[in-house]
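Input: a single structure, listed below in structure tokens.
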Amino acid sequence: MSNKTNDIASLYEQCIVPVYTPDVAIVSGSGSKVVDIENMQYIDLTSGIATLACGHCHPAVVKAITEQASTIVHSSNLFYNPNMAILAQKLSKASGGYKSFFTNSGAEANENMVKIARKWGAENGGRYEVIVFHQGFHGRTLAMCAATAQEKIQKGFDPMPTGFAYADYNDVESVKAVINERTVAIMLEPIQGEGGVIEATPEFLKGVEALCKEHNLLLLMDEIQTGMGRTGSLFAWEQTEVKPDMFTLAKALGGGLPLGAVLVRPDLADMMKPGMLGSTFGGNPCACAAALAVLKTIEEENLLENAKKVGEQFREALEALMETYPQILEVRGKGLILGMVMEGSAKDVVESCRMGGVLCCTAGEHVVRFLPSLNISEKNIEEALEIISDSLEAIFEE
């Protein structure tokens, strides 16, 4: 690292709680390219961990944020917020009638989805327990740590909040085994992102839905990472035969600004009364303005189709690399959420790619995760693949 990066790293060490392990200092970006403080350019296949659906500094998103910031940045939920109302209307239309509760983040959205489920359970037999899945990930607040059935997330923070039961993903029988008189809901990700880019099978989703109907349970979906077009449809559940009672959005929703949402079946939404939920910054005018620009851009630039087309191109190319590198065991995912399963350390591949000019990330110890912006070009993917191939060669053919 040069003096510039070292100076930033030193400030991190001195002044920031050491829970992150950054390696470069990104200072600017445009589309799917970013530049660090040393003036090195990268192809960004992380898009802010699935946050920048329209890429870095998309003109429409920048315009929406700057214009809103020049009028009013924040007013709180004590007053009507036109941007929030319009955004909720558009999400309702896109989802088929859900009502929205806006938050700052995905973890907060998931917390409130569980709160609504518990409120419904309190009025339907006093039930409160939510079934979640091993290797899932729902956030890092204390309750969402408990909902995230991974020891590395929970270790050292005991006692965990109660009210969650754990089952095995893609295993309906394991779900049956933990349903009891306390169960109120089943919460799952359509694709487990942090857990290794593992997709729910159609049979599993249908089986879970059947159990919900049989036992009068709510079906909750965490679409924090898969929502807003990443899988090729605005919401991943649209590509299944299953429709949740509630689902959450965040990450890409705000175009890079903090924004989450719980989309709630109308009858469940109308059960909630003033004071039962709240969020000072939830639905902030600037964040909602950005979200409106994101939705408009996804539609006008046909980004759902691009995610399907380029995602398939990218996946096929990664699978082709398996012929050269047997250390690649599998390629997983859909659209532009893809995972390359490695025999060895995924971190080594991520580091090698970074040195070559491609930014990607891990999803567990053995999975390299790719989360490009939805408007990434075929040319950028081809350029990235060349670097990825060279990076693998540098590791495995020394």
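The chains in the structure tokens are called A, B, ... from first to last as shown; in each chain the residues are counted from 1, and the ligands are counted from 1 in the order shown.
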
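Near Leu385 in chain A, within 10 Å and counting only C-alpha atoms, sit A:Phe314, A:Ala317, A:Leu318, A:Leu321, A:Cys353, A:Val358, A:Lys379, A:Asn380, A:Ile381, A:Glu382, A:Ile388, A:Ser389, A:Asp390, A:Ser391; same-chain residues fewer than 3 positions away were not included.
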
Let's have the selection written as a PDB file, in the first residue's frame, with N, CA and C atoms.
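Writing done, so here's again_31.pdb:
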ATOM      1  N   PHE A 314     -22.534 -14.770 -18.136  1.00  0.00           N
ATOM      2  CA  PHE A 314     -21.510 -14.825 -17.092  1.00  0.00           C
ATOM      3  C   PHE A 314     -21.439 -16.224 -16.495  1.00  0.00           C
ATOM      4  N   ALA A 317     -19.792 -18.745 -18.822  1.00  0.00           N
ATOM      5  CA  ALA A 317     -18.352 -18.535 -18.904  1.00  0.00           C
ATOM      6  C   ALA A 317     -17.639 -19.049 -17.651  1.00  0.00           C
ATOM      7  N   LEU A 318     -18.257 -18.828 -16.476  1.00  0.00           N
ATOM      8  CA  LEU A 318     -17.662 -19.362 -15.240  1.00  0.00           C
ATOM      9  C   LEU A 318     -17.662 -20.883 -15.255  1.00  0.00           C
ATOM     10  N   LEU A 321     -14.852 -22.302 -17.182  1.00  0.00           N
ATOM     11  CA  LEU A 321     -13.564 -22.298 -16.483  1.00  0.00           C
ATOM     12  C   LEU A 321     -13.343 -23.581 -15.685  1.00  0.00           C
ATOM     13  N   CYS A 353      -8.013 -11.692  -7.819  1.00  0.00           N
ATOM     14  CA  CYS A 353      -8.837 -10.893  -8.732  1.00  0.00           C
ATOM     15  C   CYS A 353      -8.659  -9.405  -8.464  1.00  0.00           C
ATOM     16  N   VAL A 358     -10.293  -6.716 -10.671  1.00  0.00           N
ATOM     17  CA  VAL A 358     -11.700  -7.080 -10.528  1.00  0.00           C
ATOM     18  C   VAL A 358     -12.036  -7.188  -9.048  1.00  0.00           C
ATOM     19  N   LYS A 379     -19.474  -6.333 -22.546  1.00  0.00           N
ATOM     20  CA  LYS A 379     -18.044  -6.023 -22.677  1.00  0.00           C
ATOM     21  C   LYS A 379     -17.357  -6.024 -21.326  1.00  0.00           C
ATOM     22  N   ASN A 380     -17.982  -5.398 -20.318  1.00  0.00           N
ATOM     23  CA  ASN A 380     -17.390  -5.394 -18.974  1.00  0.00           C
ATOM     24  C   ASN A 380     -17.284  -6.796 -18.410  1.00  0.00           C
ATOM     25  N   ILE A 381     -18.288  -7.637 -18.659  1.00  0.00           N
ATOM     26  CA  ILE A 381     -18.233  -9.021 -18.193  1.00  0.00           C
ATOM     27  C   ILE A 381     -17.089  -9.763 -18.871  1.00  0.00           C
ATOM     28  N   GLU A 382     -16.926  -9.565 -20.170  1.00  0.00           N
ATOM     29  CA  GLU A 382     -15.834 -10.221 -20.899  1.00  0.00           C
ATOM     30  C   GLU A 382     -14.477  -9.780 -20.366  1.00  0.00           C
ATOM     31  N   ILE A 388     -10.429 -12.694 -14.265  1.00  0.00           N
ATOM     32  CA  ILE A 388     -10.716 -13.825 -13.378  1.00  0.00           C
ATOM     33  C   ILE A 388      -9.924 -15.054 -13.818  1.00  0.00           C
ATOM     34  N   SER A 389      -9.891 -15.313 -15.122  1.00  0.00           N
ATOM     35  CA  SER A 389      -9.145 -16.463 -15.645  1.00  0.00           C
ATOM     36  C   SER A 389      -7.655 -16.315 -15.337  1.00  0.00           C
ATOM     37  N   ASP A 390      -7.111 -15.115 -15.571  1.00  0.00           N
ATOM     38  CA  ASP A 390      -5.688 -14.881 -15.270  1.00  0.00           C
ATOM     39  C   ASP A 390      -5.423 -15.052 -13.779  1.00  0.00           C
ATOM     40  N   SER A 391      -6.359 -14.609 -12.957  1.00  0.00           N
ATOM     41  CA  SER A 391      -6.197 -14.700 -11.502  1.00  0.00           C
ATOM     42  C   SER A 391      -6.179 -16.147 -11.051  1.00  0.00           C
TER      43      SER A 391
END

For range 259-263 of chain A, list every protein, DNA or RNA residue within 7 Å, evaluated using only C-alpha atoms, and leave out those in the same chain fewer than 3 positions away; present the list as a VMD selection string. chain A and resid 98 to 106 109 113 246 to 250 253 to 254 282 to 283 287

Go through A:Gly278, A:Pro266, A:Gly232, A:Gly344 and flag the residue nearest Asp245 in chain A, using only C-alpha atoms for the distances.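 With only C-alpha atoms as the atom set, the closest residue is A:Pro266.
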
Leaving out Lys296 in chain A and any residue of its chain fewer than 4 positions from it, which residues lie within 12 Å of it when counting only C-alpha atoms, given as a ChimeraX atom specification? /A:53-54,58,60-61,64,87,90-91,94,228,234,253,255,289-292,300-304

Have a look at A:Val208, A:Ala363, A:Ala69, A:Val349 and name the one nearest to Glu393 in chain A; count only C-alpha atoms.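 Closest residue, counting only C-alpha atoms: A:Val349.
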
Set the distance at 10 Å and use only C-alpha atoms: which residues neighbour Asn216 in chain A once local chain neighbours fewer than 4 positions away are removed? I'd like the list as a VMD selection string. chain A and resid 121 124 183 to 185 210 to 212

Skip Ser174 in chain A itself and residues of its chain fewer than 2 positions away, then list as a PyMOL selection string all residues within 12 Å of it, counting only C-alpha atoms. chain A and resi 131-134+165-172+176-179+204+207-208+211

Contacts of Val114 in chain A at 10 Å or less, counting only C-alpha atoms, minus same-chain residues fewer than 3 places along, as a PyMOL selection string? chain A and resi 108-111+117-120+128-130+143-144+147+163+184-187+220+246+262
